[in-house]
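Visitor: Mind having a look at this structure? Questions to follow.
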Amino acid sequence: DGGITQSPKYLFRKEGQNVTLSCEQNLNHDAMYWYRQDPGQGLRLIYYSQIVNDFQKGDIAEGYSVSREKKESFPLTVTSAQKNPTAFYLCASSIDLFGGQPQHFGDGTRLSIL
Amino acid sequence: AQSVTQLDSQVPVFEEAPVELRCNYSSSVSVYLFWYVQYPNQGLQLLLKYLSGSTLVKGINGFEAEFNKSQTSFHLRKPSVHISDTAEYFCAVTEYSSASKIIFGSGTRLSIRP
């Protein structure tokens, strides 16, 4: 079955440490996205990518970085500059960025601070 | 700029009762509208979408929604809920015009009482 795989499911970060969240899709989608979810706030867009080797900042990109070296993969790094990283992180993909295309989501990674 | 308001953060209902989850949007251009469902510790799944045509949209799991352009609303309904419908529900909007970002509402937590 096609889908999006996020790993790990749970991740713990020490102070001053960078951590990388993995997102892989086998849907052959061009567009990929990273969202942060906090209780009662819905989803906020961190970064998105329309095509390989290209990505754009979303609404809350500070303290995060991404890469898109392969169509299937869109890893997110939470850097030490992100002072409040505890959240549920969701990766999504869609066929393209056309507004009518629905997004498909992975099952998320829950990041906590040690 | 577009925005989405989900008017109720929590909706408790009894099993087999009808439910309506309210969603209003704001946009200066035509929009596409979506409802997603999120079960605990999982990603979001598409329930239904409105792109054009009939204003009454049927989705999975017996849910339906009605697009009302004059009231800028897209309320989600189900005539008889089950315990398994306990989840968080997100309304979302994108604009026709561009390779556009999807904007999510803050979510409505539906809790079903036996």
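By order in the structure tokens, chains are A, B, ...; within a chain, residues start at 1; ligands start at 1, following the order shown.
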Quick check: residues of chain A within 8 Å of chain B, only C-alpha atoms, returned as a PyMOL selection string.
Guide: chain A and resi 40-44+90+97-100+102-108
Visitor: Just the strand (DSSP E) stuff from chain A, please, per backbone DSSP, written as number ranges by chain.
Guide: A: 4-7, 10-13, 19-25, 31-37, 43-51, 54-57, 64-66, 76-78, 87-94, 104-105, 109-113
Visitor: Mind checking which residues fall within 7 Å of segment 53-69 of chain A, counting only C-alpha atoms, ignoring those fewer than 5 positions away in the same chain, and posting them as a PyMOL selection string?
Guide: chain A and resi 44-48+74-79+81-82
Visitor: Suppose we keep N, CA and C atoms; can you now write the selection as a PDB file, in the first residue's frame?
Guide:
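Wrote result-v5.pdb, looks like this:
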ATOM      1  N   ARG A  44       0.270  24.015  12.070  1.00  0.00           N
ATOM      2  CA  ARG A  44       0.993  25.175  11.541  1.00  0.00           C
ATOM      3  C   ARG A  44       2.089  24.694  10.602  1.00  0.00           C
ATOM      4  N   LEU A  45       2.193  25.338   9.456  1.00  0.00           N
ATOM      5  CA  LEU A  45       3.108  24.914   8.408  1.00  0.00           C
ATOM      6  C   LEU A  45       4.530  25.369   8.714  1.00  0.00           C
ATOM      7  N   ILE A  46       5.468  24.434   8.679  1.00  0.00           N
ATOM      8  CA  ILE A  46       6.873  24.746   8.943  1.00  0.00           C
ATOM      9  C   ILE A  46       7.618  24.983   7.627  1.00  0.00           C
ATOM     10  N   TYR A  47       7.622  24.001   6.763  1.00  0.00           N
ATOM     11  CA  TYR A  47       8.248  24.078   5.451  1.00  0.00           C
ATOM     12  C   TYR A  47       7.420  23.276   4.461  1.00  0.00           C
ATOM     13  N   TYR A  48       7.561  23.607   3.168  1.00  0.00           N
ATOM     14  CA  TYR A  48       6.978  22.775   2.138  1.00  0.00           C
ATOM     15  C   TYR A  48       7.891  22.763   0.922  1.00  0.00           C
ATOM     16  N   PHE A  74      11.769  13.780   2.681  1.00  0.00           N
ATOM     17  CA  PHE A  74      11.728  15.196   3.070  1.00  0.00           C
ATOM     18  C   PHE A  74      12.019  15.281   4.576  1.00  0.00           C
ATOM     19  N   PRO A  75      13.264  15.080   4.991  1.00  0.00           N
ATOM     20  CA  PRO A  75      13.571  15.103   6.420  1.00  0.00           C
ATOM     21  C   PRO A  75      13.546  16.511   7.012  1.00  0.00           C
ATOM     22  N   LEU A  76      13.145  16.569   8.264  1.00  0.00           N
ATOM     23  CA  LEU A  76      13.080  17.828   9.008  1.00  0.00           C
ATOM     24  C   LEU A  76      14.080  17.785  10.158  1.00  0.00           C
ATOM     25  N   THR A  77      14.927  18.798  10.251  1.00  0.00           N
ATOM     26  CA  THR A  77      15.842  18.911  11.384  1.00  0.00           C
ATOM     27  C   THR A  77      15.351  20.002  12.326  1.00  0.00           C
ATOM     28  N   VAL A  78      15.215  19.627  13.579  1.00  0.00           N
ATOM     29  CA  VAL A  78      14.862  20.588  14.619  1.00  0.00           C
ATOM     30  C   VAL A  78      16.171  21.009  15.267  1.00  0.00           C
ATOM     31  N   THR A  79      16.553  22.245  15.080  1.00  0.00           N
ATOM     32  CA  THR A  79      17.861  22.692  15.554  1.00  0.00           C
ATOM     33  C   THR A  79      17.782  23.190  16.990  1.00  0.00           C
ATOM     34  N   ALA A  81      18.292  26.012  17.893  1.00  0.00           N
ATOM     35  CA  ALA A  81      17.727  27.364  17.886  1.00  0.00           C
ATOM     36  C   ALA A  81      16.219  27.360  18.143  1.00  0.00           C
ATOM     37  N   GLN A  82      15.599  26.200  18.017  1.00  0.00           N
ATOM     38  CA  GLN A  82      14.163  26.084  18.287  1.00  0.00           C
ATOM     39  C   GLN A  82      14.007  25.874  19.782  1.00  0.00           C
TER      40      GLN A  82
END
Visitor: Skip segment 5-9 of chain A itself and residues of its chain fewer than 3 positions away, then list as a list in words all residues within 8 Å of it, counting only C-alpha atoms.
Guide: Leu21, Ser22, Cys23, Glu24, Gln25, Cys91, Gly106, Asp107, Gly108, Thr109 and Arg110 of chain A
Visitor: Residues near Asp30 of chain A, anyone? I mean within 6 Å using only C-alpha atoms, not counting same-chain ones fewer than 2 positions away, as a PDB file with N, CA, C and O atoms, in the first residue's frame.
Guide:
ATOM      1  N   GLN A  50       7.877  21.838  -3.327  1.00  0.00           N
ATOM      2  CA  GLN A  50       7.088  21.588  -4.535  1.00  0.00           C
ATOM      3  C   GLN A  50       7.769  20.576  -5.445  1.00  0.00           C
ATOM      4  O   GLN A  50       7.113  19.902  -6.242  1.00  0.00           O
ATOM      5  N   ILE A  51       9.114  20.493  -5.323  1.00  0.00           N
ATOM      6  CA  ILE A  51       9.867  19.661  -6.242  1.00  0.00           C
ATOM      7  C   ILE A  51      11.231  19.383  -5.625  1.00  0.00           C
ATOM      8  O   ILE A  51      11.660  20.095  -4.695  1.00  0.00           O
ATOM      9  N   ILE A  95      -0.256  15.463  -4.615  1.00  0.00           N
ATOM     10  CA  ILE A  95       0.207  15.255  -5.992  1.00  0.00           C
ATOM     11  C   ILE A  95       1.018  16.463  -6.461  1.00  0.00           C
ATOM     12  O   ILE A  95       2.092  16.335  -7.049  1.00  0.00           O
ATOM     13  N   ASP A  96       0.477  17.644  -6.189  1.00  0.00           N
ATOM     14  CA  ASP A  96       1.200  18.885  -6.490  1.00  0.00           C
ATOM     15  C   ASP A  96       0.650  19.956  -5.566  1.00  0.00           C
ATOM     16  O   ASP A  96      -0.082  19.644  -4.623  1.00  0.00           O
TER      17      ASP A  96
END
Visitor: Go ahead and compute the interatomic distance for atom CA of Ser70 of chain B and atom CA of Ala87 of chain B, in Å to one decimal.
Guide: 29.1 Å
Visitor: Excluding segment 73-75 of chain B and residues on its chain fewer than 6 positions from it, collect all residues at most 6 Å away from it, counting only C-alpha atoms, and give them as a list in words.
Guide: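 Within the cut-off, the hits are Leu21, Arg22, Cys23, Asn24, Ala65, Glu66 and Phe67 of chain B.
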Visitor: How many Å lie between atom CA of Ser80 of chain B and atom CA of Phe63 of chain B, rounded to one decimal?
Guide: 9.4 Å
Visitor: Apply DSSP to the structure's backbone, then extract all residues of segment 51-100 of chain B labelled helix (DSSP H, G or I) and return them as a list in words.
Guide: Ile60, Asn61, Gly62, Ile83, Ser84 and Asp85 of chain B
Visitor: Could those selected residues go to a file with C-alpha atoms, as a PDB file, in the first residue's frame?
Guide:
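Result saved to result-v7.pdb:
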ATOM      1  CA  ILE B  60     -16.463   8.443   4.310  1.00  0.00           C
ATOM      2  CA  ASN B  61     -17.927   6.940   7.488  1.00  0.00           C
ATOM      3  CA  GLY B  62     -21.395   8.432   6.835  1.00  0.00           C
ATOM      4  CA  ILE B  83     -18.278   5.438  19.613  1.00  0.00           C
ATOM      5  CA  SER B  84     -15.716   4.941  16.849  1.00  0.00           C
ATOM      6  CA  ASP B  85     -16.319   8.527  15.650  1.00  0.00           C
TER       7      ASP B  85
END
Visitor: Given only C-alpha atoms as the basis, pick out the residue of A:Ser73, A:Ser94, A:Ser80, A:Gln37 nearest to Gly16 of chain A.
Guide: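 Ranking A:Ser73, A:Ser94, A:Ser80, A:Gln37 by distance to Gly16 of chain A, first place goes to A:Ser80.
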